[in-house]
Amino acid sequence: MASGDVLSPEVEVFQQNGEVEGDVDGNFSDSPAASPNLNDLRPKLKAKRRAKRSPSKEEQQLPSTNGVNASQLSRSKPRYDRKSRTAYGRGLPKKGGAGGKGVWGKPGCELDIDGVIDEKDPNYDSDAQGNYELETIAPELTPEEVEKTIKPVIQEYFEHGDTSEVAVTLGELNLGHKKHEIATHAVSMALDKHDSHREMTSRLISDLYGNILTHREMAAAFDSILDDLSDLTLDTPDAPHVVGSFIARAVADDVLPPKYVTNYKLSGDSKQARAALDRAHVLLSMKHGMVRLDNVWGVGGGQRPVKYLIKKMNMLLREYLSSRDIQEATRCLQELEVPHFHHELVYEAVVTVLEAGSEQVGTAILMLLKSLADAIILTVDQMDRGFDRVFESMPDIVLDVPNAHTILERFSEECFNKRVITNRTKAKVPIRARKRFVSEGDGGRIKE
């Protein structure tokens, strides 16, 4: 080694031919005892440490997660890594591998794409746009079809009296701008009916208002009726009186405004229309008119008291026995509109025969019952029920009419021969046992 070379104090390399020529101090010795171990003579270098970089202001403001600063996490992973940067992640790619710029998306996502909605798109397919629900559209009815459809519905309503059923049936029809004809036909059909049917018509108009018919349609319906009132009077002479009552009842039910009477009265030219509006004005002007108009058609049918109905039927029988007019008696019975109470007429008729005890009265009553039975005004059930009531009342009738059993047996036999009563009713006729006397060998006792 040259004398000018400078050795580092940390390096000990002086080996030539397997011998140490000197030490770090420059003292060389040829003694073998002074030779150190070769492992101790290897170069020992200090590890190079990278200089620490002071954190920036943005990194100082980042929060730490589980004791680890966010700046350290951001430096520990490359920028192109799509894994979660937080300590809570599972190490999976973000968005399932479908995120990032220039990425086509998650594998298989093209299968979930909906059909093209824009009709101008070349890929538009009308059959692949989803499920559609088809609705049935009813065509608008013609005036002839409206009349043929509405009248049967109203006629059925007069039988069952259910306004909700009528509303459902009419709601399914496409009447268009002809809905007002519902009220027009209802009032026109009620003109030649009884007061009970007119009451049902007023109730129907009130229930349909707001659901099917509007305020304008109600006014248009009564305008049409007043315009045609001259023709309606030919079939129903009291049509102006009845229509006036309908208008007053409609005002009381808040179907028509009170000014309707005055406004139409100023523009009305028909005498019948003026008479109808005058009738409505009188009913609305009377004291407590709104309350009284609830019974403008009277109390009909089963709402009448029983005593009132019994009185009417007794009067009917007396008038019939005086005039012997079967048609008039039939008309009076139908006007009462109590088919469920016809057994009272049968009971009163049979009791009249028992109290009179005359064959003429019996024959007249038999002709009346026969006529009502043939016309099916008196049903078999009502006839049997009337006779059963007489059979049950015989103990009281006998007190006033001692020979009532004899008269009843004869009258029942005649009714059976005329097919007025059934064989079952004839078999139930009570027969009073004849008294047996001493001469008949009864031992002196009278057997009842």
# chains A, B, ... in the order shown; residues from 1 in each chain; ligands from 1
call {"tool": "select_by_dssp", "arguments": {"residues": "stretch 149-207 of chain A", "states": "alpha helix (DSSP H)", "output": "ChimeraX atom specification"}}
result
/A:149-160,163-171,181-190,195-207
call {"tool": "residues_around", "arguments": {"residues": "A:Gln155", "least_positions_apart": "2", "cutoff": "12 Å", "atoms": "only C-alpha atoms", "output": "PyMOL selection string"}}
result
chain A and resi 148-153+157-162+166+185-190+193+197+200-201
call {"tool": "closest_residue", "arguments": {"among": "A:Ala364, A:Leu234, A:Ala250, A:Leu204", "to": "A:Met218", "atoms": "only C-alpha atoms"}}
result
A:Ala250
call {"tool": "atom_distance", "arguments": {"atom1": "atom CA of A:Val346", "atom2": "atom CA of A:Asp195"}}
result
25.0 Å
call {"tool": "closest_residue", "arguments": {"among": "A:Arg424, A:Lys418, A:Lys271, A:Arg410", "to": "A:Gly357", "atoms": "only C-alpha atoms"}}
result
A:Arg410
call {"tool": "residues_around", "arguments": {"residues": "A:Arg385", "least_positions_apart": "6", "cutoff": "10 Å", "atoms": "only C-alpha atoms", "output": "list of chain:residue names"}}
result
A:His342, A:His343, A:Glu344, A:Val346, A:Tyr347, A:Thr379, A:Phe391, A:Thr425
call {"tool": "closest_residue", "arguments": {"among": "A:Ala280, A:Ile310, A:Val103, A:Val243", "to": "A:Ser224", "atoms": "only C-alpha atoms"}}
result
A:Val243
call {"tool": "decode", "arguments": {"residues": "stretch 320-334 of chain A", "atoms": "all heavy atoms", "output": "mmCIF file, in the first residue's frame"}}
result
data_model
loop_
_atom_site.group_PDB
_atom_site.id
_atom_site.type_symbol
_atom_site.label_atom_id
_atom_site.label_comp_id
_atom_site.auth_asym_id
_atom_site.auth_seq_id
_atom_site.Cartn_x
_atom_site.Cartn_y
_atom_site.Cartn_z
ATOM 1 N N TYR A 320 -167.798 -1.004 -1.158
ATOM 2 C CA TYR A 320 -168.009 -2.071 -2.140
ATOM 3 C C TYR A 320 -169.381 -2.714 -1.970
ATOM 4 O O TYR A 320 -170.086 -2.992 -2.953
ATOM 5 C CB TYR A 320 -166.905 -3.120 -2.012
ATOM 6 C CG TYR A 320 -167.236 -4.403 -2.744
ATOM 7 C CD1 TYR A 320 -167.236 -4.449 -4.135
ATOM 8 C CD2 TYR A 320 -167.577 -5.557 -2.033
ATOM 9 C CE1 TYR A 320 -167.561 -5.625 -4.804
ATOM 10 C CE2 TYR A 320 -167.896 -6.726 -2.698
ATOM 11 C CZ TYR A 320 -167.887 -6.757 -4.077
ATOM 12 O OH TYR A 320 -168.225 -7.922 -4.747
ATOM 13 N N LEU A 321 -169.792 -2.976 -0.713
ATOM 14 C CA LEU A 321 -171.100 -3.586 -0.487
ATOM 15 C C LEU A 321 -172.233 -2.653 -0.904
ATOM 16 O O LEU A 321 -173.343 -3.113 -1.231
ATOM 17 C CB LEU A 321 -171.251 -3.967 0.985
ATOM 18 C CG LEU A 321 -170.330 -5.103 1.473
ATOM 19 C CD1 LEU A 321 -170.501 -5.309 2.971
ATOM 20 C CD2 LEU A 321 -170.618 -6.392 0.712
ATOM 21 N N SER A 322 -171.933 -1.359 -0.934
ATOM 22 C CA SER A 322 -172.962 -0.414 -1.363
ATOM 23 C C SER A 322 -173.034 -0.310 -2.888
ATOM 24 O O SER A 322 -174.121 -0.228 -3.474
ATOM 25 C CB SER A 322 -172.711 0.966 -0.763
ATOM 26 O OG SER A 322 -172.714 0.908 0.652
ATOM 27 N N SER A 323 -171.868 -0.313 -3.546
ATOM 28 C CA SER A 323 -171.834 -0.115 -4.996
ATOM 29 C C SER A 323 -171.651 -1.409 -5.782
ATOM 30 O O SER A 323 -172.001 -1.458 -6.975
ATOM 31 C CB SER A 323 -170.707 0.850 -5.355
ATOM 32 O OG SER A 323 -169.450 0.306 -4.971
ATOM 33 N N ARG A 324 -171.070 -2.425 -5.161
ATOM 34 C CA ARG A 324 -170.728 -3.701 -5.815
ATOM 35 C C ARG A 324 -169.806 -3.468 -7.024
ATOM 36 O O ARG A 324 -169.860 -4.213 -8.003
ATOM 37 C CB ARG A 324 -171.977 -4.449 -6.262
ATOM 38 C CG ARG A 324 -172.989 -4.728 -5.165
ATOM 39 C CD ARG A 324 -172.396 -5.619 -4.077
ATOM 40 N NE ARG A 324 -173.295 -5.772 -2.955
ATOM 41 C CZ ARG A 324 -174.189 -6.781 -2.849
ATOM 42 N NH1 ARG A 324 -174.316 -7.674 -3.805
ATOM 43 N NH2 ARG A 324 -174.951 -6.862 -1.764
ATOM 44 N N ASP A 325 -168.962 -2.448 -6.934
ATOM 45 C CA ASP A 325 -168.017 -2.121 -8.008
ATOM 46 C C ASP A 325 -166.663 -2.742 -7.664
ATOM 47 O O ASP A 325 -165.917 -2.229 -6.816
ATOM 48 C CB ASP A 325 -167.886 -0.617 -8.178
ATOM 49 C CG ASP A 325 -167.090 -0.224 -9.418
ATOM 50 O OD1 ASP A 325 -166.511 -1.129 -10.056
ATOM 51 O OD2 ASP A 325 -167.029 0.979 -9.731
ATOM 52 N N ILE A 326 -166.366 -3.870 -8.322
ATOM 53 C CA ILE A 326 -165.133 -4.595 -8.009
ATOM 54 C C ILE A 326 -163.901 -3.813 -8.484
ATOM 55 O O ILE A 326 -162.867 -3.794 -7.810
ATOM 56 C CB ILE A 326 -165.171 -5.996 -8.644
ATOM 57 C CG1 ILE A 326 -166.300 -6.821 -8.017
ATOM 58 C CG2 ILE A 326 -163.841 -6.703 -8.456
ATOM 59 C CD1 ILE A 326 -166.440 -8.215 -8.588
ATOM 60 N N GLN A 327 -163.995 -3.160 -9.637
ATOM 61 C CA GLN A 327 -162.848 -2.415 -10.159
ATOM 62 C C GLN A 327 -162.456 -1.252 -9.243
ATOM 63 O O GLN A 327 -161.280 -0.996 -9.020
ATOM 64 C CB GLN A 327 -163.167 -1.904 -11.562
ATOM 65 C CG GLN A 327 -163.337 -3.022 -12.597
ATOM 66 C CD GLN A 327 -163.605 -2.483 -13.981
ATOM 67 O OE1 GLN A 327 -163.767 -1.268 -14.171
ATOM 68 N NE2 GLN A 327 -163.681 -3.381 -14.968
ATOM 69 N N GLU A 328 -163.453 -0.544 -8.727
ATOM 70 C CA GLU A 328 -163.153 0.557 -7.819
ATOM 71 C C GLU A 328 -162.530 0.054 -6.527
ATOM 72 O O GLU A 328 -161.587 0.670 -5.986
ATOM 73 C CB GLU A 328 -164.420 1.340 -7.519
ATOM 74 C CG GLU A 328 -164.230 2.548 -6.602
ATOM 75 C CD GLU A 328 -163.371 3.623 -7.216
ATOM 76 O OE1 GLU A 328 -163.200 3.628 -8.438
ATOM 77 O OE2 GLU A 328 -162.855 4.477 -6.458
ATOM 78 N N ALA A 329 -163.032 -1.057 -6.023
ATOM 79 C CA ALA A 329 -162.455 -1.624 -4.805
ATOM 80 C C ALA A 329 -161.017 -2.084 -5.040
ATOM 81 O O ALA A 329 -160.139 -1.896 -4.172
ATOM 82 C CB ALA A 329 -163.319 -2.791 -4.321
ATOM 83 N N THR A 330 -160.765 -2.640 -6.221
ATOM 84 C CA THR A 330 -159.402 -3.067 -6.549
ATOM 85 C C THR A 330 -158.464 -1.873 -6.634
ATOM 86 O O THR A 330 -157.319 -1.922 -6.152
ATOM 87 C CB THR A 330 -159.401 -3.844 -7.870
ATOM 88 O OG1 THR A 330 -160.299 -4.963 -7.770
ATOM 89 C CG2 THR A 330 -158.007 -4.345 -8.197
ATOM 90 N N ARG A 331 -158.918 -0.789 -7.239
ATOM 91 C CA ARG A 331 -158.083 0.408 -7.361
ATOM 92 C C ARG A 331 -157.765 1.002 -5.987
ATOM 93 O O ARG A 331 -156.625 1.397 -5.721
ATOM 94 C CB ARG A 331 -158.792 1.440 -8.229
ATOM 95 C CG ARG A 331 -157.964 2.681 -8.531
ATOM 96 C CD ARG A 331 -158.787 3.725 -9.236
ATOM 97 N NE ARG A 331 -159.847 4.232 -8.379
ATOM 98 C CZ ARG A 331 -159.672 5.172 -7.443
ATOM 99 N NH1 ARG A 331 -158.471 5.689 -7.234
ATOM 100 N NH2 ARG A 331 -160.681 5.573 -6.703
ATOM 101 N N CYS A 332 -158.775 1.062 -5.123
ATOM 102 C CA CYS A 332 -158.538 1.612 -3.772
ATOM 103 C C CYS A 332 -157.558 0.752 -2.985
ATOM 104 O O CYS A 332 -156.722 1.287 -2.234
ATOM 105 C CB CYS A 332 -159.866 1.732 -3.028
ATOM 106 S SG CYS A 332 -161.010 2.945 -3.744
ATOM 107 N N LEU A 333 -157.626 -0.564 -3.174
ATOM 108 C CA LEU A 333 -156.711 -1.449 -2.456
ATOM 109 C C LEU A 333 -155.280 -1.268 -2.950
ATOM 110 O O LEU A 333 -154.339 -1.262 -2.144
ATOM 111 C CB LEU A 333 -157.151 -2.903 -2.621
ATOM 112 C CG LEU A 333 -156.282 -3.959 -1.926
ATOM 113 C CD1 LEU A 333 -156.277 -3.741 -0.414
ATOM 114 C CD2 LEU A 333 -156.768 -5.364 -2.268
ATOM 115 N N GLN A 334 -155.098 -1.101 -4.242
ATOM 116 C CA GLN A 334 -153.759 -0.919 -4.786
ATOM 117 C C GLN A 334 -153.163 0.436 -4.413
ATOM 118 O O GLN A 334 -151.940 0.569 -4.279
ATOM 119 C CB GLN A 334 -153.788 -1.073 -6.314
ATOM 120 C CG GLN A 334 -154.057 -2.505 -6.759
ATOM 121 C CD GLN A 334 -154.112 -2.624 -8.281
ATOM 122 O OE1 GLN A 334 -154.475 -1.674 -8.969
ATOM 123 N NE2 GLN A 334 -153.748 -3.792 -8.788
#
